Amino acid sequence: MSGDAHKAGAEALKSLLSMAFSALGEKEYAAAAGLLTKKPMISAGQTVEVMRALRDAVGKDIFEAQLKSLTAHQARLLARRLDKSVPDIEVSTAGAACAWIRDLMDGKTPEAAPVVEAPTEEPAAETPEETEAETPAEPEAPKKPASSGAYFGRKSFRTGN
């Protein structure tokens, strides 16, 4: 959109808002603000500061309603835009991603679940004679009878034929 078209759109919105429409109520204005709020949420290049300014501009109720209306994919993308180091498991659902976004915007740094790694023990070098002596010989399992592998075809599943 060119600069002139952007200015014309902004002027049109200003003139619509300055007029007192009796047919439009608070609900319609809130819906329009919600539509205008959602666009920056799903567009690229957002920062935490921009999202805070947007929340302050439209109010917490409208912002939260639009945040909840994001799909899981949109919420996950927004969380990753705001915090590049977010683990995938922390934003696996829309609710989890929205909670992560709220924490970032409130100044809390969400803590990722600590990854616990099991200590690995290196086995001591053993000689082949020692391993054979330690492992008892297992009896062989009885062999299955060879299946005929016969295919009866579709006709065998029909009824009435």
# chains A, B, ... in the order shown; residues from 1 in each chain; ligands from 1
>>> closest_atom_pairs(of="segment 52-108 of chain A", to="segment 18-32 of chain A", cutoff="10 Å", atoms="only C-alpha atoms", output="Markdown table")
| residue | atom | partner | partner_atom | distance |
| --- | --- | --- | --- | --- |
| A:Val58 | CA | A:Ala30 | CA | 8.9 |
| A:Asp61 | CA | A:Ala30 | CA | 9.6 |
| A:Ile62 | CA | A:Ala30 | CA | 7.0 |
| A:Gln66 | CA | A:Ala31 | CA | 9.8 |
>>> write_last_selection(atoms="N, CA, C and O atoms", output="short mmCIF file (atom, residue, chain, number, x, y, z; two decimals), in the first residue's frame")
data_model
loop_
_atom_site.label_atom_id
_atom_site.label_comp_id
_atom_site.auth_asym_id
_atom_site.auth_seq_id
_atom_site.Cartn_x
_atom_site.Cartn_y
_atom_site.Cartn_z
N VAL A 58 -5.39 -0.46 22.60
CA VAL A 58 -6.76 -0.97 22.42
C VAL A 58 -7.41 -1.43 23.71
O VAL A 58 -8.62 -1.62 23.76
N ASP A 61 -8.89 -5.95 27.38
CA ASP A 61 -10.00 -6.86 27.02
C ASP A 61 -9.99 -7.20 25.53
O ASP A 61 -10.10 -8.37 25.15
N ILE A 62 -9.88 -6.19 24.69
CA ILE A 62 -9.87 -6.42 23.24
C ILE A 62 -8.62 -7.18 22.84
O ILE A 62 -8.68 -8.12 22.03
N GLN A 66 -8.51 -11.00 21.10
CA GLN A 66 -7.87 -11.29 19.82
C GLN A 66 -6.72 -12.29 19.99
O GLN A 66 -6.50 -13.12 19.11
#
>>> select_by_dssp(residues="segment 7-122 of chain A", states="alpha helix (DSSP H)", output="JSON, numbers by chain")
{"A": [7, 8, 9, 10, 11, 12, 13, 14, 15, 16, 17, 18, 26, 27, 28, 29, 30, 31, 32, 33, 34, 35, 36, 37, 38, 39, 40, 41, 42, 48, 49, 50, 51, 52, 53, 54, 55, 56, 57, 58, 60, 61, 62, 63, 64, 65, 66, 67, 68, 72, 73, 74, 75, 76, 77, 78, 79, 80, 81, 82, 94, 95, 96, 97, 98, 99, 100, 101, 102, 103, 104, 105]}
>>> residues_around(residues="Asp106 of chain A", least_positions_apart="5", cutoff="10 Å", atoms="only C-alpha atoms", output="list in words")
Val48, Arg52, Trp100 and Ile101 of chain A
>>> write_last_selection(atoms="all heavy atoms", output="compact mmCIF listing (two decimals), in the first residue's frame")
# COMPACT_ATOMS: atom_id res chain seq x y z
N VAL A 48 8.21 -7.35 21.47
CA VAL A 48 7.45 -7.29 22.72
C VAL A 48 6.97 -5.86 22.97
O VAL A 48 5.83 -5.64 23.41
CB VAL A 48 8.30 -7.81 23.90
CG1 VAL A 48 7.57 -7.66 25.21
CG2 VAL A 48 8.70 -9.26 23.68
N ARG A 52 3.15 -4.61 23.49
CA ARG A 52 2.74 -3.88 24.69
C ARG A 52 2.03 -2.58 24.31
O ARG A 52 1.00 -2.22 24.90
CB ARG A 52 3.95 -3.55 25.56
CG ARG A 52 4.44 -4.72 26.36
CD ARG A 52 5.58 -4.30 27.28
NE ARG A 52 6.21 -5.46 27.84
CZ ARG A 52 7.52 -5.59 28.01
NH1 ARG A 52 8.34 -4.61 27.69
NH2 ARG A 52 8.01 -6.69 28.53
N TRP A 100 2.66 -18.05 27.09
CA TRP A 100 4.06 -17.63 26.92
C TRP A 100 4.12 -16.16 26.50
O TRP A 100 4.93 -15.40 27.01
CB TRP A 100 4.73 -18.54 25.89
CG TRP A 100 6.21 -18.38 25.81
CD1 TRP A 100 6.89 -17.46 25.08
CD2 TRP A 100 7.19 -19.15 26.50
NE1 TRP A 100 8.24 -17.63 25.26
CE2 TRP A 100 8.45 -18.65 26.13
CE3 TRP A 100 7.13 -20.22 27.38
CZ2 TRP A 100 9.64 -19.18 26.61
CZ3 TRP A 100 8.32 -20.74 27.86
CH2 TRP A 100 9.54 -20.23 27.47
N ILE A 101 3.24 -15.77 25.57
CA ILE A 101 3.20 -14.39 25.08
C ILE A 101 2.81 -13.44 26.21
O ILE A 101 3.42 -12.39 26.39
CB ILE A 101 2.22 -14.27 23.90
CG1 ILE A 101 2.76 -15.05 22.69
CG2 ILE A 101 1.97 -12.81 23.53
CD1 ILE A 101 1.74 -15.28 21.60
>>> residues_around(residues="Leu104 of chain A", least_positions_apart="5", cutoff="10 Å", atoms="only C-alpha atoms", output="JSON list (two decimals) with all heavy atoms, in the first residue's frame")
[["chain", "number", "residue", "atom", "x", "y", "z"],
["A", 48, "VAL", "N", 8.21, -7.35, 21.47],
["A", 48, "VAL", "CA", 7.45, -7.29, 22.72],
["A", 48, "VAL", "C", 6.97, -5.86, 22.97],
["A", 48, "VAL", "O", 5.83, -5.64, 23.41],
["A", 48, "VAL", "CB", 8.30, -7.81, 23.90],
["A", 48, "VAL", "CG1", 7.57, -7.66, 25.21],
["A", 48, "VAL", "CG2", 8.70, -9.26, 23.68],
["A", 49, "GLU", "N", 7.81, -4.89, 22.66],
["A", 49, "GLU", "CA", 7.43, -3.49, 22.88],
["A", 49, "GLU", "C", 6.25, -3.08, 22.00],
["A", 49, "GLU", "O", 5.35, -2.36, 22.45],
["A", 49, "GLU", "CB", 8.63, -2.56, 22.60],
["A", 49, "GLU", "CG", 9.76, -2.69, 23.60],
["A", 49, "GLU", "CD", 10.62, -3.91, 23.37],
["A", 49, "GLU", "OE1", 10.70, -4.41, 22.22],
["A", 49, "GLU", "OE2", 11.21, -4.39, 24.35],
["A", 51, "MET", "N", 3.94, -5.08, 20.86],
["A", 51, "MET", "CA", 2.74, -5.76, 21.38],
["A", 51, "MET", "C", 2.24, -5.08, 22.66],
["A", 51, "MET", "O", 1.04, -4.97, 22.86],
["A", 51, "MET", "CB", 3.04, -7.24, 21.67],
["A", 51, "MET", "CG", 3.19, -8.09, 20.44],
["A", 51, "MET", "SD", 1.64, -8.31, 19.55],
["A", 51, "MET", "CE", 1.98, -7.40, 18.08],
["A", 52, "ARG", "N", 3.15, -4.61, 23.49],
["A", 52, "ARG", "CA", 2.74, -3.88, 24.69],
["A", 52, "ARG", "C", 2.03, -2.58, 24.31],
["A", 52, "ARG", "O", 1.00, -2.22, 24.90],
["A", 52, "ARG", "CB", 3.95, -3.55, 25.56],
["A", 52, "ARG", "CG", 4.44, -4.72, 26.36],
["A", 52, "ARG", "CD", 5.58, -4.30, 27.28],
["A", 52, "ARG", "NE", 6.21, -5.46, 27.84],
["A", 52, "ARG", "CZ", 7.52, -5.59, 28.01],
["A", 52, "ARG", "NH1", 8.34, -4.61, 27.69],
["A", 52, "ARG", "NH2", 8.01, -6.69, 28.53],
["A", 79, "ALA", "N", 4.67, -16.24, 19.25],
["A", 79, "ALA", "CA", 5.55, -16.52, 20.39],
["A", 79, "ALA", "C", 7.00, -16.63, 19.92],
["A", 79, "ALA", "O", 7.91, -16.14, 20.59],
["A", 79, "ALA", "CB", 5.11, -17.80, 21.09],
["A", 82, "LEU", "N", 8.42, -13.17, 19.13],
["A", 82, "LEU", "CA", 8.72, -12.38, 20.32],
["A", 82, "LEU", "C", 9.89, -12.95, 21.11],
["A", 82, "LEU", "O", 10.61, -12.21, 21.78],
["A", 82, "LEU", "CB", 7.48, -12.29, 21.21],
["A", 82, "LEU", "CG", 6.26, -11.62, 20.59],
["A", 82, "LEU", "CD1", 5.10, -11.63, 21.56],
["A", 82, "LEU", "CD2", 6.57, -10.21, 20.13],
["A", 83, "ASP", "N", 10.07, -14.26, 21.08],
["A", 83, "ASP", "CA", 11.15, -14.91, 21.81],
["A", 83, "ASP", "C", 11.74, -16.01, 20.93],
["A", 83, "ASP", "O", 11.14, -17.07, 20.76],
["A", 83, "ASP", "CB", 10.63, -15.51, 23.12],
["A", 83, "ASP", "CG", 11.72, -16.13, 23.96],
["A", 83, "ASP", "OD1", 12.90, -15.98, 23.63],
["A", 83, "ASP", "OD2", 11.38, -16.78, 24.98],
["A", 98, "CYS", "N", -0.13, -18.69, 23.97],
["A", 98, "CYS", "CA", -0.71, -17.42, 24.48],
["A", 98, "CYS", "C", -0.21, -17.13, 25.89],
["A", 98, "CYS", "O", 0.08, -15.97, 26.21],
["A", 98, "CYS", "CB", -2.23, -17.49, 24.45],
["A", 98, "CYS", "SG", -2.91, -17.44, 22.78],
["A", 99, "ALA", "N", -0.10, -18.16, 26.71],
["A", 99, "ALA", "CA", 0.43, -17.96, 28.07],
["A", 99, "ALA", "C", 1.88, -17.49, 28.01],
["A", 99, "ALA", "O", 2.30, -16.62, 28.78],
["A", 99, "ALA", "CB", 0.32, -19.26, 28.87],
["A", 109, "THR", "N", 10.07, -13.53, 32.51],
["A", 109, "THR", "CA", 10.78, -14.35, 31.55],
["A", 109, "THR", "C", 10.38, -15.79, 31.82],
["A", 109, "THR", "O", 10.75, -16.35, 32.85],
["A", 109, "THR", "CB", 12.31, -14.19, 31.66],
["A", 109, "THR", "OG1", 12.69, -14.42, 33.01],
["A", 109, "THR", "CG2", 12.75, -12.83, 31.20],
["A", 110, "PRO", "N", 9.58, -16.37, 30.95],
["A", 110, "PRO", "CA", 9.13, -17.74, 31.18],
["A", 110, "PRO", "C", 10.31, -18.69, 31.21],
["A", 110, "PRO", "O", 11.22, -18.59, 30.40],
["A", 110, "PRO", "CB", 8.24, -18.04, 29.97],
["A", 110, "PRO", "CG", 7.98, -16.74, 29.32],
["A", 110, "PRO", "CD", 9.08, -15.82, 29.72]]
>>> residues_around(residues="Gly95 of chain A", least_positions_apart="5", cutoff="12 Å", atoms="only C-alpha atoms", output="ChimeraX atom specification")
/A:64,67-76,79,90,100-102
>>> residues_around(residues="Met41 of chain A", least_positions_apart="3", cutoff="7 Å", atoms="only C-alpha atoms", output="number ranges by chain")
A: 37-38, 78
>>> write_last_selection(atoms="all heavy atoms", output="JSON list (two decimals), in the first residue's frame")
[["chain", "number", "residue", "atom", "x", "y", "z"],
["A", 37, "THR", "N", -6.61, -4.97, 15.47],
["A", 37, "THR", "CA", -5.61, -5.46, 16.41],
["A", 37, "THR", "C", -5.00, -6.77, 15.94],
["A", 37, "THR", "O", -3.81, -7.02, 16.11],
["A", 37, "THR", "CB", -6.25, -5.66, 17.80],
["A", 37, "THR", "OG1", -6.80, -4.41, 18.23],
["A", 37, "THR", "CG2", -5.25, -6.15, 18.81],
["A", 38, "LYS", "N", -5.82, -7.61, 15.34],
["A", 38, "LYS", "CA", -5.35, -8.94, 14.94],
["A", 38, "LYS", "C", -4.31, -8.87, 13.82],
["A", 38, "LYS", "O", -3.40, -9.69, 13.77],
["A", 38, "LYS", "CB", -6.53, -9.81, 14.51],
["A", 38, "LYS", "CG", -6.17, -11.25, 14.35],
["A", 38, "LYS", "CD", -7.39, -12.09, 14.19],
["A", 38, "LYS", "CE", -7.03, -13.56, 14.18],
["A", 38, "LYS", "NZ", -8.22, -14.39, 14.13],
["A", 78, "LEU", "N", 3.72, -16.16, 16.61],
["A", 78, "LEU", "CA", 3.88, -14.92, 17.36],
["A", 78, "LEU", "C", 4.81, -15.12, 18.55],
["A", 78, "LEU", "O", 5.68, -14.29, 18.81],
["A", 78, "LEU", "CB", 2.52, -14.39, 17.82],
["A", 78, "LEU", "CG", 2.54, -13.09, 18.63],
["A", 78, "LEU", "CD1", 3.18, -11.97, 17.83],
["A", 78, "LEU", "CD2", 1.14, -12.72, 19.05]]
>>> atom_distance(atom1="atom CA of Ala44 of chain A", atom2="atom CA of Ala8 of chain A")
23.8 Å
>>> atom_distance(atom1="atom CA of Leu77 of chain A", atom2="atom CA of Ile42 of chain A")
8.0 Å
